[in-house]
Amino acid sequence: MTEFNEITPEIVEAFKAIVGEANCQTGDEIGEDYTRDEMPIYGSGKPEVVVLPASTEEVSQIMRICNEHTIPVTVRGAGTGLVGGSVPLFGGVVLCTMRMDKILEYDMDNLTVRIQPGVRLADLAADALTRGLMYPPDPGEKTGSVGGNVSTNAGGMRAVKYGTTRDYVLALTAVLANGEVVRLGRPVVKASSGYSLMHLVIGSEGTLAVITELTMKLIPKPQADMTFILPFEDIEHAIGAVPKIKLAGLAPQSLEFMERDIVDSSAAHTGNAVIPTNVQGNEVGAYILVTLDGNDEDEIFARAEQLAEIADELGAFDTLVIDQPSIKEAVWAARSAFLSVIEEEEKLVDEMDVCVPVDKIPAFLEYIHEVGRKHEIRIRSFGHAGDGNLHIYCCSNSMEKDAFLEKVDAVMHAAYAKATEFDGQVSGEHGIGHAKKQYLRESLGDTSVELMAGIKQVFDPKGILNPGKICS
């Protein structure tokens with residue numbers, strides 16, 4: 001491990017000369033937000049300095065200084081991560097990109113947009129709509145930055161049809177650890193020109209380079225969409241419908257699953273019971289939430305009829321059409337509130353963002369609930385049924401933190417081992433950070449992780465970029 005140096009007053013003054021005194025914080029000026037991300041259980045770290053640059057050139061100057069003096073740099077966007085990725089484990093500098101928040105240029109002929117990394121997801125999505133365009137990636141946390149989404153390759157609810165964030169990055173500008181500026185990718189669809197260095201940076205969680213500009217692909221906004229709730233007796237029946245829906249060629253925009261427990265909590269939390277728990281006299285145990293979109297309403301209605309037939313064949317209590325805009329908004333707001341609900345109700349929370357093949361979801365959930373009961377850990381889950389991405393939360397209101405962490409570690413070792421057995425992945429979209437490093441190594445094996453470490457060494461020989469994360 002590299003031995004890092006402390007930041008001298010002279011270096012602080014150099015930072016202030018670059019970004020301005022108001023955008024360089026030290027000591028008691030540094031707010032708690034800069035010490036951690038959204039998952040408090042993964043700890044915090046106090047940086048010596050927080051800098052908020054406004055341009056690629058300012059980032060380059062900062063990185064040259066940090067590289068020269070071997071100062072660790074933790075790159076941070078909006079801080080909505082869930083794996084401790086923006087915790088400054090070694091102090092040093094937190095480089096926050098949230099002043100770099102401009103939508104720079106649309107290219108309407110090529111359906112692209114050029115942005116800075118601090119643009120928030122909700123702002124890009126809304127601005128694109130005003131131009132008749134859609135930015136398809138739809139992670140649950142809309143206040144997150146697009147740069148952060150790229151750094152973890154976030155997917156979200158539309159990934160089943162439109163893919164993940166990676167699929168929409170055409171080019172990016174990044175600053176290397178030594179301050180050198182590189183432009184990776186090009187605003188074209190096809191590329192077969194040597195190694196794809198851009199795709200190494202995507203998903204690297206700030207360990208390889210600092211992203212300072214992005215060229216993102218857009219699509220024409222679908223002219224219509226419809227949302228449906230399919231209520232089932234239990235999760236096994238609910239998930240059983242997913243392959244049938246996909247194989248039928250219905251091309252759902254989103255295909256989500258929810259267990260009854262989290263729906264009840266969301267209703268209590270929001271005061272809005274928009275998702276019914278009793279349908280035609282049947283108590284609902286699990287749900288599939290489906291959105292169909294397209295440019296032809298008649299064609300969507302035809303697919304909706306087919307969806308209803310499939311749901312009926314597979315034991316759904318009904319196919320509930322959510323056609324009023326206000327109710328549809330409330331349903332998706334309830335879905336988006338799940339994490340907030342869990343954090344509100346539970347004293348201690350840890351999470352898994354695991355991916356398994358769709359047909360393995362029921363068996364995996366049954367297994368993890370069993371493991372949770374064994375270790376006296378409450379398991380709460382929801383996720384993206386269409387792509388097998390499960391958000392599983394380990395919770396307790398009665399344990400002390402140390403006992404909780406010990407039991408959760410046992411639960412996670414078991415869960416990730418089962419996911420590997422099912423040909424799954426440790427993370428679908430939240431990343432690795434420092435919280436999931438050991439599980440990544442256990443899942444992939446030493447050789448794969450050491451290859452990652454070798455790539456890290458090439459990009460960042462001194463190991464100053466986000467040290468202690470993923471493979472470092």
# chains A, B, ... in the order shown; residues from 1 in each chain; ligands from 1

$ select_by_dssp --residues "segment 8-246 of chain A" --states "helix (DSSP H, G or I)" --output "PyMOL selection string"
chain A and resi 9-19+21-23+27-29+32-35+40-42+56-69+121-129+146-152+159-162+165-168+197-201+235-246

$ write_last_selection --atoms "C-alpha atoms" --output "short mmCIF file (atom, residue, chain, number, x, y, z; two decimals), in the first residue's frame"
data_model
loop_
_atom_site.label_atom_id
_atom_site.label_comp_id
_atom_site.auth_asym_id
_atom_site.auth_seq_id
_atom_site.Cartn_x
_atom_site.Cartn_y
_atom_site.Cartn_z
CA PRO A 9 -0.72 24.86 4.14
CA GLU A 10 1.13 25.64 0.90
CA ILE A 11 -0.83 22.94 -0.95
CA VAL A 12 -4.10 24.28 0.48
CA GLU A 13 -3.23 27.73 -0.84
CA ALA A 14 -2.46 26.21 -4.25
CA PHE A 15 -5.91 24.56 -4.27
CA LYS A 16 -7.55 27.89 -3.35
CA ALA A 17 -5.74 29.59 -6.20
CA ILE A 18 -7.23 27.01 -8.59
CA VAL A 19 -10.87 26.78 -7.43
CA GLU A 21 -11.32 30.22 -1.57
CA ALA A 22 -15.09 29.54 -1.32
CA ASN A 23 -14.65 26.21 -3.11
CA GLY A 27 -11.02 21.68 9.07
CA ASP A 28 -14.38 22.55 10.63
CA GLU A 29 -15.60 23.97 7.31
CA GLU A 32 -20.41 15.60 7.44
CA ASP A 33 -21.77 14.80 3.98
CA TYR A 34 -18.23 14.75 2.62
CA THR A 35 -17.19 12.04 5.08
CA PRO A 40 -23.87 5.03 7.23
CA ILE A 41 -23.07 1.45 8.24
CA TYR A 42 -19.99 1.60 5.99
CA THR A 56 -11.58 19.94 -16.65
CA GLU A 57 -8.59 22.28 -16.41
CA GLU A 58 -9.15 22.84 -12.69
CA VAL A 59 -9.41 19.07 -12.09
CA SER A 60 -6.20 18.59 -14.07
CA GLN A 61 -4.32 21.14 -11.97
CA ILE A 62 -5.57 19.59 -8.72
CA MET A 63 -4.56 16.09 -9.80
CA ARG A 64 -1.07 17.25 -10.83
CA ILE A 65 -0.50 18.60 -7.35
CA CYS A 66 -1.89 15.49 -5.64
CA ASN A 67 0.19 13.19 -7.82
CA GLU A 68 3.36 15.16 -7.25
CA HIS A 69 2.88 15.06 -3.46
CA LEU A 121 -30.22 12.44 -13.27
CA ALA A 122 -33.62 14.07 -12.73
CA ASP A 123 -32.47 17.31 -14.38
CA LEU A 124 -31.09 15.57 -17.47
CA ALA A 125 -34.22 13.43 -17.83
CA ALA A 126 -36.54 16.45 -17.51
CA ASP A 127 -34.51 18.65 -19.86
CA ALA A 128 -34.35 15.95 -22.53
CA LEU A 129 -38.15 15.58 -22.43
CA VAL A 146 -24.96 11.25 -14.02
CA GLY A 147 -21.20 11.07 -13.46
CA GLY A 148 -21.85 8.89 -10.42
CA ASN A 149 -24.20 6.70 -12.46
CA VAL A 150 -21.48 6.25 -15.07
CA SER A 151 -18.90 5.48 -12.38
CA THR A 152 -21.01 2.57 -11.08
CA ALA A 159 -32.70 -1.59 -17.94
CA VAL A 160 -34.80 -4.62 -18.93
CA LYS A 161 -35.65 -2.87 -22.23
CA TYR A 162 -33.10 -0.10 -22.69
CA THR A 165 -25.86 3.52 -18.24
CA ARG A 166 -22.87 2.00 -20.07
CA ASP A 167 -25.03 1.60 -23.18
CA TYR A 168 -25.58 5.37 -23.40
CA LEU A 197 -10.39 2.37 -22.56
CA MET A 198 -13.65 4.26 -22.13
CA HIS A 199 -15.40 1.11 -20.96
CA LEU A 200 -12.67 0.49 -18.40
CA VAL A 201 -13.39 3.90 -16.88
CA ILE A 235 -43.09 -14.39 -4.88
CA GLU A 236 -42.64 -17.72 -6.67
CA HIS A 237 -45.82 -17.24 -8.70
CA ALA A 238 -44.94 -13.59 -9.34
CA ILE A 239 -41.44 -14.28 -10.65
CA GLY A 240 -42.78 -17.21 -12.67
CA ALA A 241 -44.58 -14.70 -14.85
CA VAL A 242 -41.43 -12.79 -15.79
CA PRO A 243 -39.93 -15.17 -18.41
CA LYS A 244 -43.36 -15.58 -20.01
CA ILE A 245 -43.77 -11.81 -20.31
CA LYS A 246 -40.32 -11.45 -21.87
#

$ closest_atom_pairs --of "segment 374-410 of chain A" --to "segment 250-269 of chain A" --cutoff "6 Å" --atoms "only C-alpha atoms" --output "tab-separated table"
residue	atom	partner	partner_atom	distance
A:Phe382	CA	A:Met258	CA	4.7
A:Gly383	CA	A:Phe257	CA	5.6
A:His384	CA	A:Glu256	CA	4.6
A:Ala385	CA	A:Glu256	CA	4.9
A:Gly386	CA	A:Leu255	CA	5.0

$ residues_around --residues "Ser336 of chain A" --least-positions-apart "2" --cutoff "12 Å" --atoms "only C-alpha atoms" --output "ChimeraX atom specification"
/A:138-143,156-157,256,258,262-263,266,270,329-334,338-342,382-383

$ residues_around --residues "Ile377 of chain A" --least-positions-apart "5" --cutoff "8 Å" --atoms "only C-alpha atoms" --output "ChimeraX atom specification"
/A:372,394-396,407-408

$ select_by_dssp --residues "segment 377-458 of chain A" --states "strand (DSSP E or B)" --output "MDAnalysis selection string"
chainID A and resid 378:384 389:396 425

$ write_last_selection --atoms "C-alpha atoms" --output "PDB file, in the first residue's frame"
ATOM      1  CA  ARG A 378     -34.740  -9.358   9.048  1.00  0.00           C
ATOM      2  CA  ILE A 379     -34.606  -9.601   5.245  1.00  0.00           C
ATOM      3  CA  ARG A 380     -36.501  -7.083   3.113  1.00  0.00           C
ATOM      4  CA  SER A 381     -36.369  -7.155  -0.674  1.00  0.00           C
ATOM      5  CA  PHE A 382     -37.504  -5.643  -3.948  1.00  0.00           C
ATOM      6  CA  GLY A 383     -35.853  -5.216  -7.301  1.00  0.00           C
ATOM      7  CA  HIS A 384     -35.700  -5.447 -11.054  1.00  0.00           C
ATOM      8  CA  ASN A 389     -31.170  -7.487 -10.062  1.00  0.00           C
ATOM      9  CA  LEU A 390     -32.288  -7.875  -6.425  1.00  0.00           C
ATOM     10  CA  HIS A 391     -32.052  -5.204  -3.749  1.00  0.00           C
ATOM     11  CA  ILE A 392     -31.912  -7.111  -0.477  1.00  0.00           C
ATOM     12  CA  TYR A 393     -31.668  -5.338   2.871  1.00  0.00           C
ATOM     13  CA  CYS A 394     -30.455  -6.892   6.115  1.00  0.00           C
ATOM     14  CA  CYS A 395     -32.130  -5.106   9.029  1.00  0.00           C
ATOM     15  CA  SER A 396     -32.384  -5.076  12.807  1.00  0.00           C
ATOM     16  CA  GLN A 425     -22.849 -11.311  -9.732  1.00  0.00           C
TER      17      GLN A 425
END

$ residues_around --residues "Asp107 of chain A" --least-positions-apart "5" --cutoff "12 Å" --atoms "only C-alpha atoms" --output "list in words"
Thr112, Val113, Arg114, Ile115, Ala128, Arg131, Leu133, Pro187, Thr215, Met216, Lys217, Leu218 and Ile219 of chain A

$ write_last_selection --atoms "C-alpha atoms" --output "compact mmCIF listing (two decimals), in the first residue's frame"
# COMPACT_ATOMS: atom_id res chain seq x y z
CA THR A 112 -26.70 13.09 -28.24
CA VAL A 113 -26.14 15.46 -25.35
CA ARG A 114 -22.84 16.70 -23.93
CA ILE A 115 -22.86 17.27 -20.16
CA ALA A 128 -34.35 15.95 -22.53
CA ARG A 131 -36.87 18.45 -26.57
CA LEU A 133 -36.14 13.07 -26.22
CA PRO A 187 -19.87 10.17 -30.52
CA THR A 215 -21.40 12.59 -24.35
CA MET A 216 -24.60 10.60 -23.82
CA LYS A 217 -26.90 8.92 -26.30
CA LEU A 218 -30.61 9.83 -26.27
CA ILE A 219 -33.66 8.32 -27.96

$ closest_atom_pairs --of "segment 149-249 of chain A" --to "segment 305-322 of chain A" --cutoff "6 Å" --atoms "only C-alpha atoms" --output "CSV"
residue,atom,partner,partner_atom,distance
A:Thr227,CA,A:Ile322,CA,5.3
A:Phe228,CA,A:Val321,CA,4.8
A:Ile229,CA,A:Leu320,CA,5.0
A:Leu230,CA,A:Thr319,CA,5.2
A:Pro231,CA,A:Ala316,CA,5.6
A:Phe232,CA,A:Ala316,CA,4.9

$ atom_distance --atom1 "atom CA of Gly428 of chain A" --atom2 "atom CA of Gly155 of chain A"
7.8 Å

$ residues_around --residues "Tyr367 of chain A" --least-positions-apart "5" --cutoff "12 Å" --atoms "only C-alpha atoms" --output "PDB file with N, CA and C atoms, in the first residue's frame"
ATOM      1  N   LYS A 360     -33.848 -17.959 -11.240  1.00  0.00           N
ATOM      2  CA  LYS A 360     -33.302 -18.335  -9.938  1.00  0.00           C
ATOM      3  C   LYS A 360     -33.769 -17.387  -8.821  1.00  0.00           C
ATOM      4  N   ILE A 361     -34.518 -16.345  -9.156  1.00  0.00           N
ATOM      5  CA  ILE A 361     -34.925 -15.364  -8.151  1.00  0.00           C
ATOM      6  C   ILE A 361     -35.711 -16.009  -7.003  1.00  0.00           C
ATOM      7  N   PRO A 362     -36.771 -16.805  -7.261  1.00  0.00           N
ATOM      8  CA  PRO A 362     -37.517 -17.384  -6.132  1.00  0.00           C
ATOM      9  C   PRO A 362     -36.651 -18.229  -5.212  1.00  0.00           C
ATOM     10  N   GLY A 372     -31.408 -15.475   6.776  1.00  0.00           N
ATOM     11  CA  GLY A 372     -31.712 -14.367   7.662  1.00  0.00           C
ATOM     12  C   GLY A 372     -32.339 -14.827   8.970  1.00  0.00           C
ATOM     13  N   ARG A 373     -33.303 -15.746   8.875  1.00  0.00           N
ATOM     14  CA  ARG A 373     -33.938 -16.276  10.089  1.00  0.00           C
ATOM     15  C   ARG A 373     -32.923 -16.988  10.980  1.00  0.00           C
ATOM     16  N   LYS A 374     -32.013 -17.731  10.366  1.00  0.00           N
ATOM     17  CA  LYS A 374     -30.984 -18.451  11.122  1.00  0.00           C
ATOM     18  C   LYS A 374     -30.141 -17.489  11.949  1.00  0.00           C
ATOM     19  N   ILE A 379     -34.906  -9.786   6.660  1.00  0.00           N
ATOM     20  CA  ILE A 379     -34.606  -9.601   5.245  1.00  0.00           C
ATOM     21  C   ILE A 379     -35.779  -8.896   4.575  1.00  0.00           C
ATOM     22  N   VAL A 411     -24.421 -13.655   6.871  1.00  0.00           N
ATOM     23  CA  VAL A 411     -25.516 -13.691   5.897  1.00  0.00           C
ATOM     24  C   VAL A 411     -24.996 -13.400   4.501  1.00  0.00           C
ATOM     25  N   MET A 412     -24.147 -12.385   4.380  1.00  0.00           N
ATOM     26  CA  MET A 412     -23.658 -11.989   3.057  1.00  0.00           C
ATOM     27  C   MET A 412     -22.715 -13.012   2.462  1.00  0.00           C
ATOM     28  N   ALA A 414     -22.898 -16.158   2.875  1.00  0.00           N
ATOM     29  CA  ALA A 414     -23.789 -17.215   2.388  1.00  0.00           C
ATOM     30  C   ALA A 414     -24.527 -16.780   1.126  1.00  0.00           C
ATOM     31  N   ALA A 415     -25.013 -15.539   1.130  1.00  0.00           N
ATOM     32  CA  ALA A 415     -25.796 -15.049  -0.008  1.00  0.00           C
ATOM     33  C   ALA A 415     -24.961 -14.944  -1.273  1.00  0.00           C
ATOM     34  N   TYR A 416     -23.766 -14.362  -1.152  1.00  0.00           N
ATOM     35  CA  TYR A 416     -22.928 -14.210  -2.339  1.00  0.00           C
ATOM     36  C   TYR A 416     -22.404 -15.551  -2.848  1.00  0.00           C
ATOM     37  N   ALA A 417     -22.166 -16.480  -1.945  1.00  0.00           N
ATOM     38  CA  ALA A 417     -21.778 -17.825  -2.376  1.00  0.00           C
ATOM     39  C   ALA A 417     -22.901 -18.479  -3.173  1.00  0.00           C
ATOM     40  N   LYS A 418     -24.141 -18.293  -2.707  1.00  0.00           N
ATOM     41  CA  LYS A 418     -25.286 -18.838  -3.433  1.00  0.00           C
ATOM     42  C   LYS A 418     -25.450 -18.139  -4.785  1.00  0.00           C
ATOM     43  N   ALA A 419     -25.259 -16.830  -4.825  1.00  0.00           N
ATOM     44  CA  ALA A 419     -25.345 -16.109  -6.090  1.00  0.00           C
ATOM     45  C   ALA A 419     -24.299 -16.610  -7.079  1.00  0.00           C
ATOM     46  N   PHE A 422     -25.299 -19.774  -8.550  1.00  0.00           N
ATOM     47  CA  PHE A 422     -26.338 -19.558  -9.564  1.00  0.00           C
ATOM     48  C   PHE A 422     -25.831 -18.791 -10.788  1.00  0.00           C
TER      49      PHE A 422
END

$ residues_around --residues "Gly206 of chain A" --least-positions-apart "2" --cutoff "7 Å" --atoms "only C-alpha atoms" --output "number ranges by chain"
A: 75, 151, 204, 208-210, 465-466

$ atom_distance --atom1 "atom CA of Val356 of chain A" --atom2 "atom CA of Glu344 of chain A"
27.9 Å

$ decode --residues "segment 265-335 of chain A" --atoms "C-alpha atoms" --output "short mmCIF file (atom, residue, chain, number, x, y, z; two decimals), in the first residue's frame"
data_model
loop_
_atom_site.label_atom_id
_atom_site.label_comp_id
_atom_site.auth_asym_id
_atom_site.auth_seq_id
_atom_site.Cartn_x
_atom_site.Cartn_y
_atom_site.Cartn_z
CA SER A 265 -44.36 -0.31 4.97
CA SER A 266 -44.40 2.10 2.04
CA ALA A 267 -48.14 2.70 2.48
CA ALA A 268 -47.67 3.40 6.18
CA HIS A 269 -44.69 5.65 5.51
CA THR A 270 -46.25 7.73 2.73
CA GLY A 271 -49.85 7.61 3.96
CA ASN A 272 -50.87 6.59 0.45
CA ALA A 273 -52.01 2.97 -0.01
CA VAL A 274 -52.04 3.08 -3.81
CA ILE A 275 -50.95 -0.54 -4.24
CA PRO A 276 -53.84 -2.82 -3.16
CA THR A 277 -53.14 -5.62 -0.69
CA ASN A 278 -56.44 -7.48 -1.19
CA VAL A 279 -57.63 -8.15 -4.73
CA GLN A 280 -60.96 -9.88 -5.41
CA GLY A 281 -60.96 -11.28 -1.89
CA ASN A 282 -57.39 -12.62 -2.14
CA GLU A 283 -54.54 -11.53 0.11
CA VAL A 284 -51.62 -10.49 -2.08
CA GLY A 285 -48.16 -11.81 -1.19
CA ALA A 286 -46.09 -10.33 -4.03
CA TYR A 287 -46.40 -8.07 -7.05
CA ILE A 288 -45.03 -7.55 -10.51
CA LEU A 289 -45.08 -3.93 -11.71
CA VAL A 290 -45.00 -3.59 -15.50
CA THR A 291 -44.72 -0.60 -17.83
CA LEU A 292 -45.27 -0.91 -21.58
CA ASP A 293 -44.29 1.95 -23.87
CA GLY A 294 -44.31 2.75 -27.60
CA ASN A 295 -45.47 5.20 -30.24
CA ASP A 296 -48.80 3.56 -31.10
CA GLU A 297 -51.51 3.42 -28.42
CA ASP A 298 -53.46 0.73 -30.26
CA GLU A 299 -50.36 -1.44 -30.38
CA ILE A 300 -49.77 -0.90 -26.64
CA PHE A 301 -53.39 -1.89 -25.93
CA ALA A 302 -52.87 -5.09 -27.94
CA ARG A 303 -49.78 -5.92 -25.86
CA ALA A 304 -51.73 -5.08 -22.71
CA GLU A 305 -54.39 -7.63 -23.61
CA GLN A 306 -51.69 -10.23 -24.17
CA LEU A 307 -50.14 -9.31 -20.80
CA ALA A 308 -53.50 -9.83 -19.08
CA GLU A 309 -53.88 -13.26 -20.68
CA ILE A 310 -50.41 -14.33 -19.50
CA ALA A 311 -51.06 -13.01 -16.00
CA ASP A 312 -54.35 -14.89 -15.79
CA GLU A 313 -52.76 -18.14 -17.00
CA LEU A 314 -50.05 -17.87 -14.34
CA GLY A 315 -52.32 -17.22 -11.41
CA ALA A 316 -52.42 -13.44 -11.04
CA PHE A 317 -55.45 -12.31 -9.09
CA ASP A 318 -56.05 -9.55 -11.66
CA THR A 319 -54.31 -7.22 -14.10
CA LEU A 320 -54.72 -3.76 -12.63
CA VAL A 321 -54.42 -0.96 -15.19
CA ILE A 322 -53.00 2.27 -13.78
CA ASP A 323 -54.24 4.74 -16.38
CA GLN A 324 -54.72 7.92 -14.35
CA PRO A 325 -51.54 10.05 -14.40
CA SER A 326 -51.85 11.02 -10.73
CA ILE A 327 -52.25 7.40 -9.60
CA LYS A 328 -49.44 6.21 -11.86
CA GLU A 329 -47.18 8.87 -10.38
CA ALA A 330 -48.18 7.78 -6.86
CA VAL A 331 -47.49 4.10 -7.62
CA TRP A 332 -43.99 4.83 -8.91
CA ALA A 333 -43.39 7.23 -6.02
CA ALA A 334 -44.26 4.40 -3.63
CA ARG A 335 -41.80 2.13 -5.45
#
